[in-house]
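Just upload16.cif here, mmCIF, C-alpha atoms:
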```cif
data_input
loop_
_atom_site.label_atom_id
_atom_site.label_comp_id
_atom_site.auth_asym_id
_atom_site.auth_seq_id
_atom_site.Cartn_x
_atom_site.Cartn_y
_atom_site.Cartn_z
CA MET R 1 246.22 -51.07 107.83
CA ASN R 2 246.65 -48.19 110.26
CA ARG R 3 249.28 -45.54 109.73
CA GLY R 4 252.31 -46.28 111.83
CA ILE R 5 252.48 -50.02 111.17
CA ALA R 6 255.83 -50.78 109.60
CA VAL R 7 256.08 -51.98 106.02
CA TRP R 8 258.72 -54.65 105.46
CA ILE R 9 260.39 -56.01 102.34
CA THR R 10 260.01 -59.79 102.33
CA GLY R 11 260.87 -60.70 98.75
CA VAL R 12 263.35 -59.52 96.12
CA GLY R 13 263.54 -60.26 92.41
CA ALA R 14 266.27 -58.86 90.18
CA VAL R 15 267.44 -58.76 86.62
CA THR R 16 270.66 -56.77 86.30
CA PRO R 17 274.04 -56.70 84.54
CA LEU R 18 275.44 -58.22 87.76
CA GLY R 19 273.06 -61.16 88.04
CA HIS R 20 269.47 -62.31 88.24
CA CYS R 21 268.90 -62.90 91.97
CA TYR R 22 269.48 -60.96 95.17
CA GLN R 23 272.42 -63.03 96.41
CA GLU R 24 274.30 -62.89 93.12
CA VAL R 25 273.79 -59.14 92.69
CA ALA R 26 274.78 -58.46 96.31
CA ASP R 27 277.94 -60.57 95.93
CA ASN R 28 279.01 -58.75 92.78
CA LEU R 29 278.24 -55.28 94.16
CA LEU R 30 280.34 -55.90 97.25
CA ALA R 31 283.12 -57.39 95.13
CA GLY R 32 283.22 -54.20 93.06
CA ARG R 33 282.62 -55.99 89.75
CA SER R 34 281.63 -54.01 86.69
CA GLY R 35 278.90 -55.10 84.29
CA VAL R 36 279.90 -52.54 81.63
CA ARG R 37 281.14 -53.80 78.29
CA THR R 38 281.02 -53.03 74.57
CA VAL R 39 277.44 -53.14 73.27
CA SER R 40 276.88 -56.51 71.63
CA SER R 41 273.12 -56.71 71.01
CA PHE R 42 273.28 -54.40 67.97
CA ASP R 43 275.83 -52.58 65.86
CA ALA R 44 276.87 -49.52 67.90
CA SER R 45 279.97 -48.69 65.87
CA GLN R 46 278.48 -45.42 64.57
CA HIS R 47 277.44 -44.20 68.01
CA PRO R 48 279.64 -41.80 70.00
CA SER R 49 279.23 -44.07 73.04
CA GLN R 50 279.51 -47.76 72.24
CA ILE R 51 279.38 -49.23 75.75
CA ALA R 52 276.66 -50.19 78.21
CA ALA R 53 275.90 -52.45 81.16
CA GLN R 54 273.68 -55.01 79.47
CA VAL R 55 271.70 -57.90 80.92
CA ASP R 56 272.60 -61.40 79.77
CA GLN R 57 269.88 -63.83 78.74
CA ILE R 58 266.93 -63.46 81.10
CA PRO R 59 265.91 -66.73 82.80
CA CYS R 60 262.47 -68.15 82.10
CA PRO R 61 260.25 -67.94 85.21
CA GLU R 62 258.08 -70.73 86.57
CA GLY R 63 254.90 -71.26 84.56
CA TRP R 64 256.23 -70.20 81.15
CA GLU R 65 257.47 -72.38 78.31
CA ASP R 66 260.97 -71.42 77.19
CA ALA R 67 259.91 -70.82 73.59
CA GLU R 68 256.89 -68.76 74.63
CA PHE R 69 258.97 -66.63 77.01
CA ALA R 70 261.66 -66.09 74.37
CA ARG R 71 259.08 -64.51 72.04
CA LEU R 72 258.20 -61.80 74.56
CA GLN R 73 259.71 -58.33 74.33
CA ARG R 74 262.84 -57.97 76.42
CA LEU R 75 261.30 -55.45 78.82
CA GLU R 76 258.36 -57.80 79.41
CA GLN R 77 260.78 -60.62 80.18
CA MET R 78 262.54 -58.40 82.73
CA VAL R 79 259.30 -57.48 84.45
CA LEU R 80 257.96 -61.03 84.61
CA TRP R 81 261.22 -62.57 85.82
CA SER R 82 261.74 -59.99 88.57
CA CYS R 83 258.09 -60.05 89.72
CA VAL R 84 257.77 -63.83 89.77
CA SER R 85 261.16 -64.17 91.47
CA ALA R 86 260.16 -61.67 94.17
CA LEU R 87 256.87 -63.47 94.85
CA GLN R 88 258.65 -66.83 94.98
CA ASP R 89 261.30 -65.42 97.30
CA SER R 90 258.61 -64.13 99.64
CA GLY R 91 256.66 -67.39 99.60
CA TYR R 92 253.57 -65.74 98.10
CA TRP R 93 253.78 -67.19 94.59
CA PRO R 94 251.64 -70.30 95.34
CA ARG R 95 249.13 -68.14 97.28
CA ARG R 96 248.95 -65.19 94.91
CA GLN R 97 245.33 -65.77 93.89
CA GLU R 98 244.17 -65.83 97.51
CA LEU R 99 245.32 -62.27 98.24
CA ARG R 100 244.95 -58.75 96.92
CA ILE R 101 248.43 -58.31 95.50
CA GLY R 102 249.07 -54.89 94.00
CA LEU R 103 251.65 -54.02 91.38
CA VAL R 104 253.47 -50.70 90.89
CA ILE R 105 256.25 -50.62 88.30
CA GLY R 106 258.54 -47.78 87.34
CA LEU R 107 258.58 -47.87 83.53
CA GLY R 108 259.68 -44.94 81.43
CA ALA R 109 260.30 -46.14 77.90
CA GLU R 110 257.79 -48.90 77.31
CA TRP R 111 256.47 -47.59 74.01
CA LEU R 112 259.83 -46.27 72.82
CA THR R 113 261.17 -49.79 73.26
CA VAL R 114 258.26 -51.28 71.31
CA TRP R 115 258.57 -48.73 68.52
CA ASP R 116 262.36 -49.10 68.30
CA GLU R 117 262.14 -52.87 67.99
CA ASP R 118 259.39 -52.52 65.36
CA ARG R 119 261.46 -50.01 63.38
CA ALA R 120 264.42 -52.39 63.39
CA HIS R 121 262.20 -54.91 61.57
CA GLY R 122 261.01 -52.36 59.02
CA GLY R 123 257.66 -51.56 60.66
CA GLY R 124 255.78 -48.29 61.09
CA ARG R 125 253.99 -48.98 64.35
CA VAL R 126 254.87 -45.58 65.78
CA PHE R 127 252.56 -43.97 63.20
CA ASN R 128 249.54 -46.16 63.99
CA GLY R 129 248.26 -46.10 67.55
CA ASP R 130 245.74 -48.83 66.76
CA LEU R 131 248.60 -51.31 66.59
CA ASP R 132 249.71 -50.70 70.19
CA SER R 133 248.94 -53.57 72.55
CA GLU R 134 247.67 -53.39 76.11
CA PRO R 135 250.06 -51.76 78.61
CA LEU R 136 252.75 -53.97 80.04
CA VAL R 137 251.57 -53.56 83.64
CA ARG R 138 248.14 -54.90 82.65
CA ARG R 139 249.63 -57.85 80.76
CA ALA R 140 251.87 -58.67 83.71
CA CYS R 141 248.91 -58.77 86.11
CA ARG R 142 246.94 -61.00 83.77
CA GLN R 143 249.87 -63.34 83.15
CA MET R 144 250.60 -63.67 86.88
CA ALA R 145 246.92 -63.83 87.89
CA LEU R 146 247.16 -60.85 90.28
CA SER R 147 243.89 -59.26 91.38
CA GLY R 148 245.02 -56.07 93.12
CA PRO R 149 245.32 -52.56 91.65
CA ALA R 150 248.18 -51.98 89.22
CA LEU R 151 249.84 -49.07 87.49
CA SER R 152 253.13 -47.93 86.01
CA ILE R 153 254.99 -44.77 86.99
CA ALA R 154 257.24 -42.73 84.72
CA ALA R 155 259.36 -40.34 86.79
CA ALA R 156 262.64 -40.91 84.95
CA CYS R 157 265.43 -42.12 87.24
CA ALA R 158 263.20 -41.65 90.30
CA SER R 159 260.53 -44.09 89.07
CA GLY R 160 261.49 -47.01 91.31
CA ASN R 161 261.47 -44.91 94.49
CA CYS R 162 258.10 -43.44 93.51
CA ALA R 163 256.76 -46.96 92.97
CA ILE R 164 257.93 -48.14 96.39
CA ALA R 165 256.48 -45.03 98.06
CA LEU R 166 253.11 -45.57 96.39
CA ALA R 167 253.07 -49.27 97.27
CA ARG R 168 253.64 -48.39 100.92
CA ARG R 169 250.74 -45.93 100.70
CA TRP R 170 248.42 -48.57 99.22
CA LEU R 171 249.24 -50.83 102.16
CA ASP R 172 248.64 -47.93 104.52
CA LEU R 173 245.20 -47.36 102.99
CA GLY R 174 244.31 -51.04 103.14
CA TRP R 175 243.82 -51.30 99.37
CA VAL R 176 246.10 -54.34 99.12
CA ASP R 177 247.31 -57.16 101.35
CA VAL R 178 250.71 -57.32 99.67
CA CYS R 179 252.29 -55.13 97.00
CA LEU R 180 254.96 -55.67 94.36
CA ALA R 181 256.95 -52.52 93.66
CA GLY R 182 260.12 -51.53 91.83
CA GLY R 183 261.26 -50.60 88.35
CA CYS R 184 262.74 -52.01 85.15
CA ASP R 185 264.25 -50.58 81.99
CA ALA R 186 265.49 -51.93 78.65
CA SER R 187 266.57 -48.74 76.89
CA VAL R 188 269.94 -49.98 75.64
CA LYS R 189 268.64 -49.81 72.08
CA PRO R 190 269.79 -47.83 69.04
CA LEU R 191 267.28 -45.07 69.79
CA GLY R 192 268.20 -44.80 73.47
CA LEU R 193 271.93 -44.87 72.86
CA ALA R 194 271.61 -42.28 70.08
CA GLY R 195 269.39 -39.99 72.12
CA PHE R 196 271.62 -39.81 75.17
CA GLY R 197 274.69 -39.77 72.95
CA ASN R 198 273.43 -36.74 71.05
CA LEU R 199 272.83 -35.00 74.37
CA ARG R 200 276.55 -35.59 75.05
CA ALA R 201 275.52 -37.16 78.34
CA LEU R 202 277.32 -40.48 77.80
CA SER R 203 280.91 -41.46 78.43
CA ARG R 204 282.98 -41.89 75.28
CA ARG R 205 285.61 -44.00 76.99
CA ASN R 206 284.89 -46.81 74.52
CA HIS R 207 288.39 -48.30 74.70
CA GLU R 208 288.06 -49.19 78.42
CA PRO R 209 284.38 -49.97 79.14
CA GLN R 210 284.77 -51.11 82.73
CA ALA R 211 286.59 -47.88 83.65
CA ALA R 212 284.10 -45.59 81.89
CA SER R 213 281.55 -44.93 84.63
CA ARG R 214 283.43 -42.89 87.24
CA PRO R 215 281.06 -41.25 89.75
CA PHE R 216 282.69 -38.41 91.71
CA ASP R 217 286.01 -38.86 89.86
CA ARG R 218 287.64 -35.78 88.40
CA ASP R 219 288.17 -37.61 85.09
CA ARG R 220 284.52 -38.57 84.56
CA ASP R 221 283.08 -37.70 81.15
CA GLY R 222 279.46 -38.85 81.32
CA PHE R 223 277.29 -41.75 82.39
CA VAL R 224 277.10 -45.26 80.97
CA MET R 225 273.71 -46.66 80.05
CA GLY R 226 272.51 -49.75 81.89
CA GLU R 227 269.45 -51.94 81.81
CA GLY R 228 267.51 -54.18 84.15
CA GLY R 229 265.78 -53.55 87.44
CA ALA R 230 264.42 -55.05 90.64
CA MET R 231 261.05 -55.75 92.22
CA PHE R 232 260.23 -56.03 95.91
CA VAL R 233 257.43 -57.61 97.90
CA LEU R 234 256.13 -55.16 100.50
CA GLU R 235 253.82 -56.23 103.31
CA PRO R 236 252.75 -55.03 106.78
CA SER R 237 255.05 -56.14 109.58
CA PRO R 238 252.30 -58.05 111.51
CA SER R 239 251.65 -60.20 108.46
CA ALA R 240 255.34 -60.92 108.00
CA ARG R 241 255.71 -61.81 111.69
CA ARG R 242 252.75 -64.18 111.64
CA ARG R 243 254.28 -66.24 108.85
CA SER R 244 257.90 -65.93 110.10
CA ALA R 245 258.96 -64.39 106.78
CA ARG R 246 262.51 -63.55 105.90
CA VAL R 247 262.79 -59.75 106.17
CA TYR R 248 265.29 -57.75 104.11
CA GLY R 249 264.48 -54.38 105.64
CA GLU R 250 261.84 -51.79 106.43
CA VAL R 251 260.61 -49.12 104.02
CA ALA R 252 260.98 -46.49 106.70
CA GLY R 253 260.78 -43.20 104.84
CA CYS R 254 260.06 -41.69 101.44
CA GLY R 255 260.54 -38.11 100.34
CA ALA R 256 260.03 -36.29 97.06
CA SER R 257 260.19 -32.85 95.50
CA SER R 258 260.22 -31.30 92.05
CA ASP R 259 262.32 -28.43 90.81
CA ALA R 260 261.37 -28.60 87.09
CA HIS R 261 264.52 -26.64 86.28
CA HIS R 262 265.31 -28.29 82.96
CA MET R 263 264.41 -31.43 81.04
CA VAL R 264 267.86 -32.99 81.47
CA ILE R 265 270.18 -30.60 83.35
CA PRO R 266 270.25 -30.77 87.19
CA SER R 267 269.06 -27.66 88.96
CA PRO R 268 271.82 -25.28 90.08
CA ASP R 269 269.80 -24.85 93.27
CA PRO R 270 270.43 -27.88 95.54
CA LEU R 271 267.60 -27.01 97.94
CA PRO R 272 264.73 -28.91 96.21
CA ALA R 273 266.71 -32.16 96.14
CA ALA R 274 267.83 -31.57 99.73
CA THR R 275 264.17 -31.09 100.63
CA ALA R 276 263.38 -34.56 99.25
CA MET R 277 266.07 -36.05 101.49
CA ARG R 278 264.88 -34.13 104.53
CA ARG R 279 261.31 -35.27 103.95
CA ALA R 280 262.41 -38.89 103.72
CA LEU R 281 264.38 -38.64 106.96
CA ALA R 282 261.47 -36.92 108.71
CA ASP R 283 259.09 -39.59 107.42
CA ALA R 284 261.40 -42.24 108.85
CA GLN R 285 261.57 -40.27 112.12
CA ILE R 286 265.35 -40.16 112.12
CA ILE R 287 267.93 -37.38 112.13
CA PRO R 288 270.84 -37.12 109.66
CA ALA R 289 273.31 -38.36 112.30
CA GLN R 290 271.52 -41.73 112.32
CA VAL R 291 272.16 -42.41 108.63
CA ASP R 292 274.88 -45.03 108.21
CA TYR R 293 275.13 -45.06 104.42
CA VAL R 294 274.02 -42.99 101.43
CA ASN R 295 273.66 -44.64 98.05
CA ALA R 296 274.13 -41.58 95.88
CA HIS R 297 272.33 -40.96 92.62
CA ALA R 298 275.70 -39.83 91.20
CA THR R 299 275.67 -40.88 87.56
CA SER R 300 279.24 -39.86 86.58
CA THR R 301 278.29 -36.62 84.82
CA PRO R 302 280.42 -33.53 85.45
CA VAL R 303 277.47 -31.38 86.58
CA GLY R 304 275.26 -33.94 88.33
CA ASP R 305 277.80 -35.34 90.77
CA ILE R 306 278.76 -31.89 92.02
CA ALA R 307 275.10 -30.96 92.41
CA GLU R 308 274.47 -34.01 94.59
CA ALA R 309 277.55 -33.31 96.73
CA GLN R 310 276.02 -29.89 97.45
CA VAL R 311 272.73 -31.57 98.40
CA LEU R 312 274.51 -33.84 100.88
CA GLU R 313 276.36 -30.90 102.39
CA ILE R 314 273.05 -29.14 103.03
CA VAL R 315 271.42 -32.21 104.61
CA PHE R 316 274.34 -33.43 106.72
CA GLY R 317 276.16 -30.18 107.41
CA GLU R 318 279.46 -30.69 109.23
CA GLN R 319 278.81 -34.46 109.38
CA VAL R 320 278.94 -34.81 105.58
CA ARG R 321 282.50 -36.17 105.73
CA ARG R 322 281.50 -38.79 108.30
CA VAL R 323 278.63 -40.50 106.47
CA PRO R 324 279.87 -43.15 104.01
CA VAL R 325 278.72 -42.43 100.45
CA SER R 326 278.99 -44.52 97.31
CA SER R 327 277.46 -44.74 93.86
CA THR R 328 276.93 -48.23 92.48
CA LYS R 329 276.37 -46.95 88.92
CA GLY R 330 280.04 -47.54 88.19
CA MET R 331 279.16 -51.24 88.27
CA THR R 332 275.57 -51.37 86.99
CA GLY R 333 275.58 -48.41 84.64
CA HIS R 334 272.63 -46.05 84.85
CA CYS R 335 269.54 -48.25 84.60
CA LEU R 336 267.27 -45.22 84.09
CA THR R 337 263.75 -46.12 85.30
CA GLY R 338 265.20 -49.27 86.86
CA ALA R 339 268.01 -47.42 88.65
CA ALA R 340 266.28 -46.56 91.92
CA ALA R 341 265.12 -50.15 92.40
CA VAL R 342 268.58 -51.61 91.73
CA GLU R 343 270.06 -49.13 94.19
CA ALA R 344 267.46 -50.01 96.82
CA LEU R 345 268.72 -53.59 96.46
CA ALA R 346 272.26 -52.30 97.02
CA CYS R 347 271.11 -50.68 100.27
CA LEU R 348 269.47 -53.91 101.43
CA ALA R 349 272.72 -55.73 100.69
CA ALA R 350 274.65 -53.19 102.77
CA ILE R 351 272.24 -53.70 105.67
CA GLU R 352 272.30 -57.51 105.46
CA ARG R 353 276.03 -57.97 104.84
CA GLY R 354 277.31 -55.21 107.13
CA ALA R 355 279.40 -53.82 104.28
CA ILE R 356 279.10 -50.87 101.92
CA PRO R 357 279.42 -51.40 98.16
CA PRO R 358 282.09 -49.21 96.61
CA THR R 359 282.23 -46.47 94.02
CA ILE R 360 284.55 -48.14 91.54
CA ASN R 361 286.92 -46.19 89.27
CA LEU R 362 287.23 -43.47 91.91
CA HIS R 363 290.97 -42.84 91.78
CA ASN R 364 291.06 -39.05 91.58
CA PRO R 365 288.18 -37.63 93.64
CA ASP R 366 286.78 -34.34 92.43
CA PRO R 367 287.57 -31.74 95.14
CA LYS R 368 284.10 -30.30 94.52
CA CYS R 369 282.69 -33.64 95.71
CA ASP R 370 284.40 -33.70 99.10
CA LEU R 371 282.52 -36.56 100.75
CA CYS R 372 283.24 -39.68 102.80
CA HIS R 373 283.75 -41.86 99.72
CA VAL R 374 283.85 -45.64 99.78
CA ALA R 375 286.30 -45.90 96.88
CA ASN R 376 287.07 -48.99 94.80
CA GLU R 377 286.65 -51.61 97.53
CA SER R 378 283.71 -52.40 99.79
CA ARG R 379 284.01 -51.29 103.38
CA PRO R 380 282.92 -53.41 106.36
CA TYR R 381 280.52 -51.17 108.25
CA PRO R 382 277.41 -51.81 110.34
CA VAL R 383 274.48 -50.34 108.42
CA ARG R 384 271.20 -49.93 110.26
CA VAL R 385 269.86 -47.02 108.20
CA ALA R 386 270.51 -46.41 104.50
CA ALA R 387 269.31 -43.53 102.33
CA SER R 388 269.06 -43.95 98.57
CA ASN R 389 268.87 -40.86 96.37
CA SER R 390 267.32 -40.88 92.90
CA PHE R 391 267.12 -37.55 91.10
CA GLY R 392 265.39 -37.89 87.76
CA PHE R 393 265.32 -35.92 84.54
CA GLY R 394 262.83 -33.08 84.69
CA GLY R 395 263.55 -32.43 88.36
CA SER R 396 261.87 -35.47 89.95
CA ASN R 397 263.82 -35.72 93.22
CA THR R 398 263.30 -38.67 95.55
CA CYS R 399 264.94 -40.27 98.56
CA LEU R 400 264.16 -43.67 100.06
CA VAL R 401 265.15 -44.60 103.62
CA LEU R 402 265.56 -48.29 104.42
CA LYS R 403 266.11 -49.65 107.94
CA ALA R 404 267.33 -52.93 109.37
CA VAL R 405 264.67 -54.94 111.18
#
```
Just give me the structure of the file as structure tokens.
Amino acid sequence: MNRGIAVWITGVGAVTPLGHCYQEVADNLLAGRSGVRTVSSFDASQHPSQIAAQVDQIPCPEGWEDAEFARLQRLEQMVLWSCVSALQDSGYWPRRQELRIGLVIGLGAEWLTVWDEDRAHGGGRVFNGDLDSEPLVRRACRQMALSGPALSIAAACASGNCAIALARRWLDLGWVDVCLAGGCDASVKPLGLAGFGNLRALSRRNHEPQAASRPFDRDRDGFVMGEGGAMFVLEPSPSARRRSARVYGEVAGCGASSDAHHMVIPSPDPLPAATAMRRALADAQIIPAQVDYVNAHATSTPVGDIAEAQVLEIVFGEQVRRVPVSSTKGMTGHCLTGAAAVEALACLAAIERGAIPPTINLHNPDPKCDLCHVANESRPYPVRVAASNSFGFGGSNTCLVLKAV
């Protein structure tokens, strides 16, 4: 594939607190529904934060027996369901062994999840590396009979955007015919909830779960953990045209930077994150005035939301109060390494439906986040270009630009 040929998204698979397919997730996002509730999968009564946006039972994909699928680790179920669903949605599932289909997954806590589940059953797997099984990305390829290159990426909250950017590059280099890319996470476990809780990063609004995640709101007190993710089928536009594929959008631009300011605290300097946005816009060959919607990273932390507002002011200048901005984490929680992929889906929904999903629970906007908020209810708005920010722990800053086709 020659540089300059567009890369289109022709399949979507999802496993989220708001549903397990594109249409269902899009419907719930635009309806402003929250997936946050009291943690029910384990006893969280001793945790400072006892709420999360959890995924209901994950459907069994085609080709697996129900009992066999139920024995798999939860993260593996998420990956398989979203990958198989995306390939089925694109029409490539029956033809997957005829093509070089690559796989790039954003995964950040694979082994922590394995070790935490083992500990819960009295095991000591964390102390014996010989007991670790093959990596999940390798198992997924084998189980789905995919022959292309495969790897996982751990860039914290930016993992999904990094995966999509790399998948586009593999297509550009001609290494694959089609590529699956996205991210998943299943960190709503005792260890994950305790870790973020001890960092005092989580909301403690346990008495009203659905009102707890409040991006850009003056009364926010931390983020709410979420789980799930999304996977996308990427392919060159000529291929999609030849087979008259349904097209969700174009992966038009990707940008990244690293500030490495602190392991968990956003950098006080907004320039590195702004640089990631500018690179994505330049890669997409558009100017800020052409952006119709920004899906903000905004997690509902006191420091992080203000930092991103400063980033947007740098990138958009005087137009910052014209460009509609929302954060969908109020509904999905913060899905960590699955967050960027879920938010890319939200952008595709905005493009397809001509409506912007809202920032729910935004009743008292922080004056330090003076943006063009889409608060509490979706807004009908023609979206041709959407930018999705994902700024990860450790200073991994990314921006993904998606265009209508």
How far is it from atom CA of Lys189 of chain R to atom CA of Ala346 of chain R, in Å with one decimal?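 Atom CA of Lys189 of chain R sits 25.3 Å away from atom CA of Ala346 of chain R.
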Return the single residue from R:Ile58, R:Ile101, R:Ala158, R:Leu29 that is closest to Ala70 of chain R, with distances computed using only C-alpha atoms.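 Smallest distance to Ala70 of chain R is found for R:Ile58.
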Applying the PyMOL selection byres ((chain R and resi 365) around 9) to the file I just gave you, which residues come out? Please list them as an mmCIF file with C-alpha atoms, keeping the file's coordinate frame.
```cif
data_model
loop_
_atom_site.group_PDB
_atom_site.id
_atom_site.type_symbol
_atom_site.label_atom_id
_atom_site.label_comp_id
_atom_site.auth_asym_id
_atom_site.auth_seq_id
_atom_site.Cartn_x
_atom_site.Cartn_y
_atom_site.Cartn_z
ATOM 1 C CA PRO R 215 281.060 -41.250 89.750
ATOM 2 C CA PHE R 216 282.690 -38.410 91.710
ATOM 3 C CA ASP R 217 286.010 -38.860 89.860
ATOM 4 C CA ARG R 218 287.640 -35.780 88.400
ATOM 5 C CA ASP R 219 288.170 -37.610 85.090
ATOM 6 C CA LEU R 362 287.230 -43.470 91.910
ATOM 7 C CA HIS R 363 290.970 -42.840 91.780
ATOM 8 C CA ASN R 364 291.060 -39.050 91.580
ATOM 9 C CA ASP R 366 286.780 -34.340 92.430
ATOM 10 C CA PRO R 367 287.570 -31.740 95.140
ATOM 11 C CA LYS R 368 284.100 -30.300 94.520
ATOM 12 C CA CYS R 369 282.690 -33.640 95.710
ATOM 13 C CA ASP R 370 284.400 -33.700 99.100
ATOM 14 C CA HIS R 373 283.750 -41.860 99.720
#
```
Write out as an MDAnalysis selection string which residues come within 12 Å of segment 269-277 of chain R when counting all atoms listed in the file, dropping same-chain ones fewer than 3 positions away. chainID R and resid 158 161:162 253:262 265:266 280:284 286:288 291 294:297 303:317 386:392 395:401
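Atom pair atom CA of Leu136 of chain R / atom CA of Trp64 of chain R: separated by 16.6 Å.
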